[in-house]
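K.L.:
Compact mmCIF, C-alpha atoms, saved as query_36.txt, coming up:
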```
# COMPACT_ATOMS: atom_id res chain seq x y z
CA MET N 1 -34.79 48.89 57.19
CA ARG N 2 -36.03 47.71 53.81
CA THR N 3 -34.43 50.65 52.01
CA ALA N 4 -31.16 50.23 53.92
CA THR N 5 -30.97 46.51 53.14
CA SER N 6 -31.75 47.21 49.47
CA ALA N 7 -28.86 49.69 49.43
CA PHE N 8 -26.37 47.07 50.62
CA PHE N 9 -27.56 44.60 47.97
CA PHE N 10 -27.23 47.32 45.33
CA VAL N 11 -23.71 48.26 46.42
CA GLN N 12 -22.57 44.62 46.52
CA GLY N 13 -23.67 44.14 42.91
CA LEU N 14 -22.15 47.48 41.90
CA CYS N 15 -18.73 46.75 43.39
CA PHE N 16 -18.55 43.11 42.27
CA ALA N 17 -19.53 43.79 38.65
CA GLY N 18 -17.49 46.98 38.57
CA LEU N 19 -14.39 45.01 39.48
CA LEU N 20 -15.08 42.11 37.09
CA ALA N 21 -15.65 44.52 34.20
CA GLN N 22 -12.18 45.99 34.81
CA VAL N 23 -10.39 42.62 34.95
CA PRO N 24 -9.06 42.87 31.35
CA THR N 25 -7.59 46.30 32.14
CA LEU N 26 -6.05 44.94 35.33
CA GLN N 27 -4.61 41.99 33.42
CA ARG N 28 -3.00 44.19 30.77
CA GLY N 29 -1.60 46.58 33.34
CA LEU N 30 0.17 43.85 35.31
CA GLY N 31 1.07 41.65 32.33
CA ILE N 32 -0.75 38.63 33.75
CA SER N 33 -1.20 35.55 31.57
CA ASP N 34 -4.62 33.94 31.13
CA ALA N 35 -3.56 31.00 33.31
CA GLU N 36 -2.42 33.26 36.12
CA LEU N 37 -5.56 35.34 35.81
CA THR N 38 -7.63 32.20 36.28
CA LEU N 39 -5.81 31.53 39.56
CA VAL N 40 -6.32 35.11 40.70
CA LEU N 41 -10.05 34.93 40.00
CA LEU N 42 -10.31 31.55 41.71
CA VAL N 43 -9.05 33.10 44.94
CA VAL N 44 -12.23 35.20 45.23
CA PRO N 45 -14.89 32.46 45.61
CA VAL N 46 -12.59 30.21 47.67
CA VAL N 47 -11.80 32.91 50.24
CA ALA N 48 -15.38 34.22 50.07
CA GLY N 49 -16.44 30.84 51.43
CA VAL N 50 -14.20 31.48 54.42
CA GLY N 51 -15.86 34.87 54.84
CA SER N 52 -19.30 33.27 54.83
CA VAL N 53 -18.24 30.76 57.51
CA LEU N 54 -16.80 33.64 59.55
CA ALA N 55 -20.07 35.54 59.27
CA GLY N 56 -22.00 32.48 60.42
CA HIS N 57 -19.71 32.19 63.44
CA LEU N 58 -19.85 35.87 64.42
CA ALA N 59 -23.47 36.79 63.64
CA PRO N 60 -24.96 34.94 66.64
CA ARG N 61 -22.55 36.91 68.85
CA THR N 62 -22.56 40.39 67.32
CA GLY N 63 -25.64 40.45 65.13
CA SER N 64 -25.51 40.67 61.33
CA ALA N 65 -26.06 44.45 61.32
CA VAL N 66 -22.74 45.11 63.06
CA LEU N 67 -20.86 42.90 60.60
CA LEU N 68 -22.60 44.38 57.55
CA ARG N 69 -22.03 47.99 58.63
CA THR N 70 -18.32 47.19 58.97
CA ALA N 71 -17.67 44.92 56.00
CA GLY N 72 -19.87 46.73 53.45
CA PRO N 73 -17.79 49.91 53.09
CA LEU N 74 -14.59 47.85 53.37
CA VAL N 75 -15.57 45.88 50.25
CA ALA N 76 -15.61 49.12 48.28
CA LEU N 77 -12.18 50.10 49.61
CA ALA N 78 -10.75 46.64 48.88
CA VAL N 79 -12.07 46.79 45.30
CA LEU N 80 -10.30 50.12 44.84
CA ALA N 81 -7.11 48.69 46.37
CA THR N 82 -6.81 46.20 43.50
CA ALA N 83 -6.01 49.11 41.18
CA PHE N 84 -2.92 49.95 43.27
CA ALA N 85 -1.40 46.44 43.23
CA PRO N 86 2.09 46.91 41.69
CA SER N 87 2.55 43.27 40.71
CA ALA N 88 0.72 39.98 40.33
CA ALA N 89 2.35 38.67 43.50
CA LEU N 90 0.87 41.51 45.55
CA LEU N 91 -2.47 41.26 43.77
CA TYR N 92 -3.15 37.86 45.36
CA PRO N 93 -3.42 39.11 48.98
CA VAL N 94 -5.50 42.10 47.88
CA VAL N 95 -7.92 39.85 45.98
CA ALA N 96 -8.03 37.52 48.98
CA VAL N 97 -9.18 40.42 51.16
CA VAL N 98 -11.81 41.29 48.54
CA GLY N 99 -13.05 37.70 48.59
CA LEU N 100 -13.15 37.50 52.39
CA LEU N 101 -15.17 40.71 52.68
CA LEU N 102 -17.50 39.72 49.83
CA GLY N 103 -18.28 36.49 51.67
CA VAL N 104 -19.06 38.32 54.91
CA VAL N 105 -21.32 40.81 53.12
CA ASP N 106 -23.07 38.18 51.00
CA ALA N 107 -24.03 36.27 54.15
CA THR N 108 -24.96 39.20 56.38
CA MET N 109 -26.97 41.16 53.81
CA ASN N 110 -29.09 38.04 53.26
CA MET N 111 -29.50 37.72 57.03
CA GLN N 112 -30.82 41.28 57.05
CA GLY N 113 -33.04 40.53 54.06
CA VAL N 114 -34.55 37.54 55.82
CA ALA N 115 -35.21 39.67 58.93
CA VAL N 116 -36.97 42.40 56.93
CA GLN N 117 -39.04 39.78 55.10
CA ARG N 118 -40.02 38.25 58.43
CA ARG N 119 -41.18 41.63 59.73
CA TYR N 120 -43.27 42.33 56.62
CA GLY N 121 -44.76 38.85 56.64
CA ARG N 122 -44.51 38.40 52.87
CA SER N 123 -41.92 37.48 50.24
CA LEU N 124 -39.32 40.22 49.72
CA LEU N 125 -35.97 38.51 49.15
CA ASN N 126 -36.35 38.43 45.38
CA SER N 127 -36.69 42.21 45.33
CA PHE N 128 -33.49 42.55 47.37
CA HIS N 129 -31.63 40.35 44.90
CA GLY N 130 -33.18 42.44 42.15
CA TRP N 131 -31.35 45.45 43.60
CA TRP N 132 -28.14 43.40 43.39
CA SER N 133 -28.84 42.88 39.67
CA VAL N 134 -29.44 46.62 39.18
CA GLY N 135 -26.15 47.35 40.91
CA GLY N 136 -24.38 44.78 38.76
CA ILE N 137 -25.67 46.30 35.54
CA LEU N 138 -24.63 49.79 36.64
CA GLY N 139 -21.23 48.49 37.75
CA ALA N 140 -20.61 47.14 34.26
CA LEU N 141 -21.81 50.40 32.71
CA ALA N 142 -19.46 52.33 34.99
CA ALA N 143 -16.56 50.45 33.40
CA VAL N 144 -17.91 51.29 29.94
CA LEU N 145 -18.07 54.96 30.94
CA ALA N 146 -14.52 54.88 32.32
CA HIS N 147 -13.19 53.35 29.10
CA SER N 148 -15.09 55.78 26.88
CA LEU N 149 -13.62 58.73 28.82
CA ASP N 150 -10.17 57.13 28.76
CA TRP N 151 -9.95 57.07 32.54
CA SER N 152 -7.23 55.16 34.37
CA LEU N 153 -8.02 51.94 36.22
CA VAL N 154 -7.75 53.83 39.52
CA ALA N 155 -10.26 56.46 38.39
CA GLY N 156 -12.69 53.86 37.04
CA LEU N 157 -12.70 51.81 40.22
CA ALA N 158 -12.75 54.94 42.38
CA LEU N 159 -16.09 55.90 40.82
CA VAL N 160 -17.62 52.57 41.85
CA ALA N 161 -15.88 52.37 45.24
CA THR N 162 -16.74 55.91 46.31
CA THR N 163 -20.38 55.51 45.34
CA GLY N 164 -20.57 52.18 47.15
CA ALA N 165 -18.86 53.33 50.34
CA VAL N 166 -21.01 56.47 50.63
CA LEU N 167 -24.25 54.52 50.15
CA ASP N 168 -23.25 51.83 52.66
CA LEU N 169 -22.19 54.35 55.29
CA ALA N 170 -25.45 56.25 54.84
CA ALA N 171 -27.59 53.10 55.06
CA GLY N 172 -25.73 51.36 57.88
CA SER N 173 -27.51 53.09 60.77
CA SER N 174 -30.92 51.95 59.49
CA LEU N 175 -30.16 48.22 59.49
CA ASP N 176 -32.07 45.93 61.86
CA GLY N 177 -29.83 45.61 64.92
CA ALA N 178 -32.18 43.08 66.51
CA ALA N 179 -32.45 40.86 63.43
CA ASP N 180 -30.32 38.08 64.91
CA GLY N 181 -27.71 37.43 67.56
CA PRO N 182 -27.99 38.63 71.15
CA ALA N 183 -28.67 42.25 70.10
CA PRO N 184 -25.94 43.75 72.29
CA THR N 185 -25.94 47.39 73.28
CA PRO N 186 -23.73 49.71 71.18
CA GLY N 187 -20.06 49.17 71.85
CA GLN N 188 -20.57 45.79 73.48
CA VAL N 189 -20.19 42.26 72.15
CA SER N 190 -21.67 39.30 73.94
CA ASP N 191 -19.51 36.27 74.57
CA ASP N 192 -22.59 34.13 75.18
CA ALA N 193 -23.75 33.13 71.72
CA PRO N 194 -27.14 31.40 71.56
CA SER N 195 -27.15 27.66 71.14
CA VAL N 196 -27.63 26.98 67.45
CA LEU N 197 -28.72 23.54 66.28
CA VAL N 198 -29.56 24.05 62.63
CA PRO N 199 -30.74 20.89 60.85
CA TRP N 200 -28.37 20.11 57.99
CA ARG N 201 -30.76 18.20 55.70
CA PRO N 202 -32.90 21.17 54.54
CA VAL N 203 -29.79 23.32 54.25
CA LEU N 204 -28.14 20.73 52.00
CA LEU N 205 -31.22 20.29 49.81
CA VAL N 206 -31.73 23.97 49.03
CA GLY N 207 -27.95 24.45 49.01
CA VAL N 208 -27.55 21.96 46.16
CA ALA N 209 -30.17 23.90 44.20
CA VAL N 210 -28.21 27.11 44.85
CA ALA N 211 -24.99 25.42 43.65
CA ILE N 212 -26.71 24.33 40.43
CA VAL N 213 -27.95 27.86 39.78
CA TYR N 214 -24.51 29.37 40.32
CA LEU N 215 -22.91 26.70 38.15
CA ALA N 216 -25.22 27.82 35.35
CA ASP N 217 -24.56 31.47 36.22
CA SER N 218 -20.81 30.89 35.99
CA ALA N 219 -21.24 29.19 32.62
CA VAL N 220 -23.28 32.04 31.17
CA SER N 221 -21.13 34.81 32.66
CA SER N 222 -17.86 33.26 31.52
CA TRP N 223 -18.73 31.62 28.21
CA SER N 224 -21.87 33.15 26.65
CA THR N 225 -20.04 35.82 24.62
CA LYS N 226 -17.45 33.35 23.35
CA TYR N 227 -20.18 30.83 22.48
CA VAL N 228 -22.18 33.30 20.38
CA GLU N 229 -19.06 34.62 18.67
CA ASP N 230 -17.02 31.45 18.07
CA VAL N 231 -19.55 28.62 17.85
CA LEU N 232 -22.46 30.49 16.24
CA SER N 233 -20.31 32.96 14.25
CA GLY N 234 -22.12 35.96 15.69
CA PRO N 235 -20.66 39.41 14.91
CA ASP N 236 -18.83 41.37 17.61
CA ALA N 237 -21.81 43.63 18.19
CA VAL N 238 -24.13 40.66 18.78
CA ALA N 239 -21.90 38.42 20.90
CA PRO N 240 -22.38 40.32 24.22
CA LEU N 241 -26.18 40.28 23.84
CA GLY N 242 -26.37 36.78 25.34
CA LEU N 243 -25.03 37.98 28.67
CA ALA N 244 -27.10 41.17 28.46
CA ALA N 245 -30.27 39.13 27.89
CA TYR N 246 -29.40 36.85 30.81
CA LEU N 247 -28.83 39.74 33.23
CA GLY N 248 -31.81 41.75 32.03
CA CYS N 249 -34.24 38.83 32.28
CA GLN N 250 -32.74 37.87 35.64
CA LEU N 251 -33.67 41.31 36.92
CA VAL N 252 -37.20 41.04 35.47
CA GLY N 253 -37.65 37.64 37.10
CA ARG N 254 -36.64 38.94 40.50
CA LEU N 255 -38.92 41.95 40.23
CA VAL N 256 -42.02 39.79 39.70
CA ALA N 257 -41.07 36.69 41.70
CA ASP N 258 -42.18 37.94 45.12
CA HIS N 259 -45.69 38.45 43.74
CA LEU N 260 -45.66 34.91 42.32
CA VAL N 261 -44.47 33.44 45.61
CA ASP N 262 -47.21 35.23 47.58
CA ARG N 263 -49.87 33.96 45.16
CA ALA N 264 -48.70 30.46 44.23
CA GLY N 265 -46.18 29.58 46.96
CA PRO N 266 -42.45 28.87 46.76
CA VAL N 267 -42.60 25.27 45.54
CA PRO N 268 -44.55 25.92 42.29
CA THR N 269 -42.39 29.01 41.72
CA VAL N 270 -39.19 26.95 41.97
CA VAL N 271 -40.64 24.21 39.76
CA GLY N 272 -41.55 26.75 37.08
CA GLY N 273 -38.28 28.65 37.41
CA GLY N 274 -36.15 25.52 37.24
CA GLY N 275 -38.08 24.24 34.22
CA VAL N 276 -37.76 27.52 32.32
CA GLY N 277 -34.05 27.73 33.20
CA ALA N 278 -33.38 24.18 32.00
CA ALA N 279 -35.31 24.82 28.76
CA GLY N 280 -33.33 28.03 28.19
CA LEU N 281 -29.98 26.27 28.59
CA ALA N 282 -31.12 23.43 26.32
CA LEU N 283 -32.11 26.00 23.69
CA VAL N 284 -28.62 27.52 23.96
CA ALA N 285 -27.00 24.11 23.48
CA VAL N 286 -28.93 23.37 20.27
CA ALA N 287 -29.13 26.94 18.94
CA PRO N 288 -28.62 27.12 15.15
CA ALA N 289 -28.16 30.90 15.13
CA PRO N 290 -27.07 33.67 17.51
CA TRP N 291 -30.58 35.09 18.06
CA VAL N 292 -31.82 31.69 19.26
CA ALA N 293 -29.00 31.48 21.79
CA VAL N 294 -29.77 35.03 23.00
CA ILE N 295 -33.38 33.98 23.64
CA GLY N 296 -32.11 30.89 25.47
CA PHE N 297 -29.81 32.94 27.68
CA GLY N 298 -32.68 35.29 28.50
CA ALA N 299 -34.95 32.36 29.45
CA THR N 300 -32.18 30.98 31.65
CA GLY N 301 -31.86 34.24 33.58
CA LEU N 302 -35.63 34.60 33.90
CA GLY N 303 -36.20 31.09 35.23
CA LEU N 304 -33.28 30.54 37.55
CA SER N 305 -33.50 34.03 39.07
CA VAL N 306 -36.09 32.93 41.64
CA VAL N 307 -34.17 30.03 43.20
CA VAL N 308 -31.43 31.67 45.27
CA PRO N 309 -33.61 34.23 47.10
CA LEU N 310 -36.10 31.50 48.01
CA ALA N 311 -33.27 29.31 49.31
CA PHE N 312 -32.34 32.09 51.73
CA SER N 313 -35.98 32.30 52.76
CA VAL N 314 -35.86 28.62 53.72
CA ALA N 315 -32.63 29.21 55.64
CA GLY N 316 -34.16 32.15 57.47
CA ALA N 317 -37.03 29.95 58.61
CA LEU N 318 -34.65 27.39 60.11
CA ASP N 319 -33.15 29.74 62.71
CA ARG N 320 -32.98 33.40 63.66
CA THR N 321 -29.25 33.60 64.31
CA GLY N 322 -28.11 33.73 60.67
CA VAL N 323 -26.16 30.48 60.84
CA ALA N 324 -28.38 28.67 58.31
CA VAL N 325 -28.21 31.65 55.94
CA ALA N 326 -24.40 31.61 56.09
CA ARG N 327 -24.36 27.86 55.38
CA VAL N 328 -26.63 28.18 52.35
CA ASN N 329 -24.48 31.04 51.11
CA LEU N 330 -21.49 28.66 50.94
CA PHE N 331 -23.13 26.81 48.06
CA ASN N 332 -22.95 30.03 46.04
CA TYR N 333 -19.17 29.71 45.88
CA VAL N 334 -19.25 25.94 45.42
CA GLY N 335 -21.39 26.39 42.33
CA PHE N 336 -19.22 29.18 40.95
CA VAL N 337 -16.02 27.14 41.28
CA LEU N 338 -17.65 24.00 39.86
CA GLY N 339 -19.06 26.02 36.98
CA ALA N 340 -15.64 27.28 35.95
CA ALA N 341 -14.13 23.80 36.24
CA VAL N 342 -16.92 21.66 34.75
CA VAL N 343 -17.99 23.91 31.88
CA GLY N 344 -14.42 24.83 30.97
CA GLY N 345 -13.33 21.18 31.15
CA VAL N 346 -16.19 19.89 29.00
CA ALA N 347 -15.60 22.67 26.47
CA GLU N 348 -11.93 21.71 26.26
CA LEU N 349 -12.67 18.01 25.78
CA THR N 350 -15.66 18.34 23.44
CA SER N 351 -17.26 21.67 22.54
CA LEU N 352 -19.08 24.60 24.09
CA ARG N 353 -22.38 23.12 22.89
CA TRP N 354 -21.88 20.09 25.11
CA ALA N 355 -20.59 22.35 27.86
CA PHE N 356 -23.93 24.19 27.98
CA ALA N 357 -25.82 20.89 27.84
CA VAL N 358 -24.34 19.98 31.24
CA PRO N 359 -25.98 22.81 33.24
CA ALA N 360 -29.16 22.27 31.20
CA VAL N 361 -29.43 18.73 32.58
CA LEU N 362 -28.38 19.79 36.07
CA ALA N 363 -31.04 22.53 36.11
CA LEU N 364 -33.65 19.78 36.10
CA GLY N 365 -32.29 18.96 39.55
CA VAL N 366 -33.70 22.29 40.74
CA VAL N 367 -37.16 21.06 39.75
CA ALA N 368 -36.59 17.80 41.64
CA LEU N 369 -35.44 19.73 44.73
CA ALA N 370 -38.43 22.10 44.71
CA PRO N 371 -40.24 20.33 47.59
CA ALA N 372 -37.36 21.35 49.86
CA PHE N 373 -38.50 24.97 49.43
CA ARG N 374 -41.81 24.27 51.19
CA PRO N 375 -42.34 26.76 54.06
CA VAL N 376 -41.15 25.46 57.43
CA PRO N 377 -43.71 25.88 60.26
CA ALA N 378 -42.37 28.00 63.10
CA THR N 379 -43.31 25.27 65.56
CA ALA N 380 -41.85 22.38 63.57
CA PRO N 381 -40.16 19.82 65.80
CA GLY N 382 -36.40 19.88 65.82
CA LEU N 383 -36.07 23.58 65.08
CA PRO N 384 -33.93 25.58 67.48
CA GLU N 385 -35.84 27.33 70.25
CA VAL N 386 -34.50 30.69 69.11
CA GLN N 387 -36.82 30.51 66.08
CA ARG N 388 -39.95 30.23 68.23
CA THR N 389 -39.03 33.37 70.19
CA PRO N 390 -39.90 36.69 68.47
CA PRO N 391 -36.83 38.89 67.87
CA GLY N 392 -36.13 41.82 70.14
```
Translate this structure into structure tokens?
P.N.:
Amino acid sequence: MRTATSAFFFVQGLCFAGLLAQVPTLQRGLGISDAELTLVLLVVPVVAGVGSVLAGHLAPRTGSAVLLRTAGPLVALAVLATAFAPSAALLYPVVAVVGLLLGVVDATMNMQGVAVQRRYGRSLLNSFHGWWSVGGILGALAAVLAHSLDWSLVAGLALVATTGAVLDLAAGSSLDGAADGPAPTPGQVSDDAPSVLVPWRPVLLVGVAVAIVYLADSAVSSWSTKYVEDVLSGPDAVAPLGLAAYLGCQLVGRLVADHLVDRAGPVPTVVGGGGVGAAGLALVAVAPAPWVAVIGFGATGLGLSVVVPLAFSVAGALDRTGVAVARVNLFNYVGFVLGAAVVGGVAELTSLRWAFAVPAVLALGVVALAPAFRPVPATAPGLPEVQRTPPG
């Protein structure tokens, strides 16, 4: 089950990054303006939120494994379908389908991750998200390979989509069918969903931390290269190193975070991660030279990498149906949309330096919210009964 769940995280990162890395090619092929491209990209997180809500509604009835087995390979096919869109008008519905499926998979793969972690009895979610980072890096490299070989957009996305679909189909049968929901027999779906009374307060607290992290992630992903090149006058060969440092250190952070959580606990880990992330963003905002900003971006990825997996751990402790996980996942898309709007708006009104100062200040909120990541006792009052009953 652990290997199968890791595979779905890997494929999600592979397909998502593989598509994003081909966006400039897609834009040129369809003759889309920058303004229209912004609208196209905005469709993904908005509709992905709908997909997460849908997953939270269906998981207690079907189980997350059924949804993930279905939606995982379909994400790969939907990513490939974007290459066949003949016009911008027809690209919108295709991208909407991509967003919907991404939302379903994001929620259900974290439900599976929580279930595997529960079975092992130790922190594992950071390692799963680490596989997402590995997939993301390889997805971006797949686009580099396609461009270097002068492949068409269809061929480039087909490489990613085929790899992703094959891996998901191979891993699907090994998912935990009793992780959540009523665990129906094959071919059956129960109409009697368990009563789910998930407390909103802990979901909101860790959810706000998740939104802050994804706001910073959106800022770095969208603006780091432009910042190094335009504001700090970095050469073309140096400008992408900010994003590379962020992604590389994010992966390192996730590979070691589970060990830190098991030794020190989630609260100190979040405090340290939020502090390092805030310091990294502050260093970016005041950087006098490109190499300083690259170090700052790396520190940001290293520190903030631990927050999101631990937020899903909290959600998994609140109920066993997957509803809390789906709700926390919504804040992913809230942060992404806010990041594009807030950072872009501040940059337009002032400068990119001030734009990166905003997430630097907000990252301190992660430190303040760290107590919300304290482990929830299985017998805590007010938790739904389903949590106190072992799965299966």
K.L.:
Counting only C-alpha atoms, what is within 12 Å of Val292 (chain N), bar same-chain residues fewer than 3 positions away, as a PDB file with C-alpha atoms, in the coordinates of the input?
P.N.:
```
ATOM      1  CA  VAL N 228     -22.180  33.300  20.380  1.00  0.00           C
ATOM      2  CA  LEU N 232     -22.460  30.490  16.240  1.00  0.00           C
ATOM      3  CA  GLY N 234     -22.120  35.960  15.690  1.00  0.00           C
ATOM      4  CA  VAL N 238     -24.130  40.660  18.780  1.00  0.00           C
ATOM      5  CA  LEU N 241     -26.180  40.280  23.840  1.00  0.00           C
ATOM      6  CA  GLY N 242     -26.370  36.780  25.340  1.00  0.00           C
ATOM      7  CA  ALA N 245     -30.270  39.130  27.890  1.00  0.00           C
ATOM      8  CA  GLY N 280     -33.330  28.030  28.190  1.00  0.00           C
ATOM      9  CA  LEU N 281     -29.980  26.270  28.590  1.00  0.00           C
ATOM     10  CA  ALA N 282     -31.120  23.430  26.320  1.00  0.00           C
ATOM     11  CA  LEU N 283     -32.110  26.000  23.690  1.00  0.00           C
ATOM     12  CA  VAL N 284     -28.620  27.520  23.960  1.00  0.00           C
ATOM     13  CA  ALA N 285     -27.000  24.110  23.480  1.00  0.00           C
ATOM     14  CA  VAL N 286     -28.930  23.370  20.270  1.00  0.00           C
ATOM     15  CA  ALA N 287     -29.130  26.940  18.940  1.00  0.00           C
ATOM     16  CA  PRO N 288     -28.620  27.120  15.150  1.00  0.00           C
ATOM     17  CA  ALA N 289     -28.160  30.900  15.130  1.00  0.00           C
ATOM     18  CA  ILE N 295     -33.380  33.980  23.640  1.00  0.00           C
ATOM     19  CA  GLY N 296     -32.110  30.890  25.470  1.00  0.00           C
ATOM     20  CA  PHE N 297     -29.810  32.940  27.680  1.00  0.00           C
ATOM     21  CA  GLY N 298     -32.680  35.290  28.500  1.00  0.00           C
ATOM     22  CA  ALA N 299     -34.950  32.360  29.450  1.00  0.00           C
TER      23      ALA N 299
END
```
K.L.:
If I take CA of Gly63 (chain N) and CA of Leu205 (chain N), how far is one from the other in Å, to one decimal?
P.N.:
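Computing it gives 25.9 Å between the two atoms.
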K.L.:
Find the residues with any atom within 8 Å of (-2.2, 35.5, 42.4); use only C-alpha atoms and the coordinates as given in the file, and write the answer as a PyMOL selection string.
P.N.:
chain N and resi 36-37+39-40+43+88-93
K.L.:
Would you be able to write out as a PyMOL selection string which residues have an atom within 8 Å of (-44.4, 32.6, 50.9) in the file's coordinates, counting all atoms listed in the file?
P.N.:
chain N and resi 122-123+261-262+265-266+375
K.L.:
Counting only C-alpha atoms, figure out which residue out of N:Ala35, N:Ala155, N:Met111, N:Leu138 gets nearest to Gly13 (chain N).
P.N.:
N:Leu138
K.L.:
Skip Tyr227 (chain N) itself and residues of its chain fewer than 4 positions away, then list as an MDAnalysis selection string all residues within 8 Å of it, counting all atoms listed in the file.
P.N.:
chainID N and resid 223 231:232 239 352
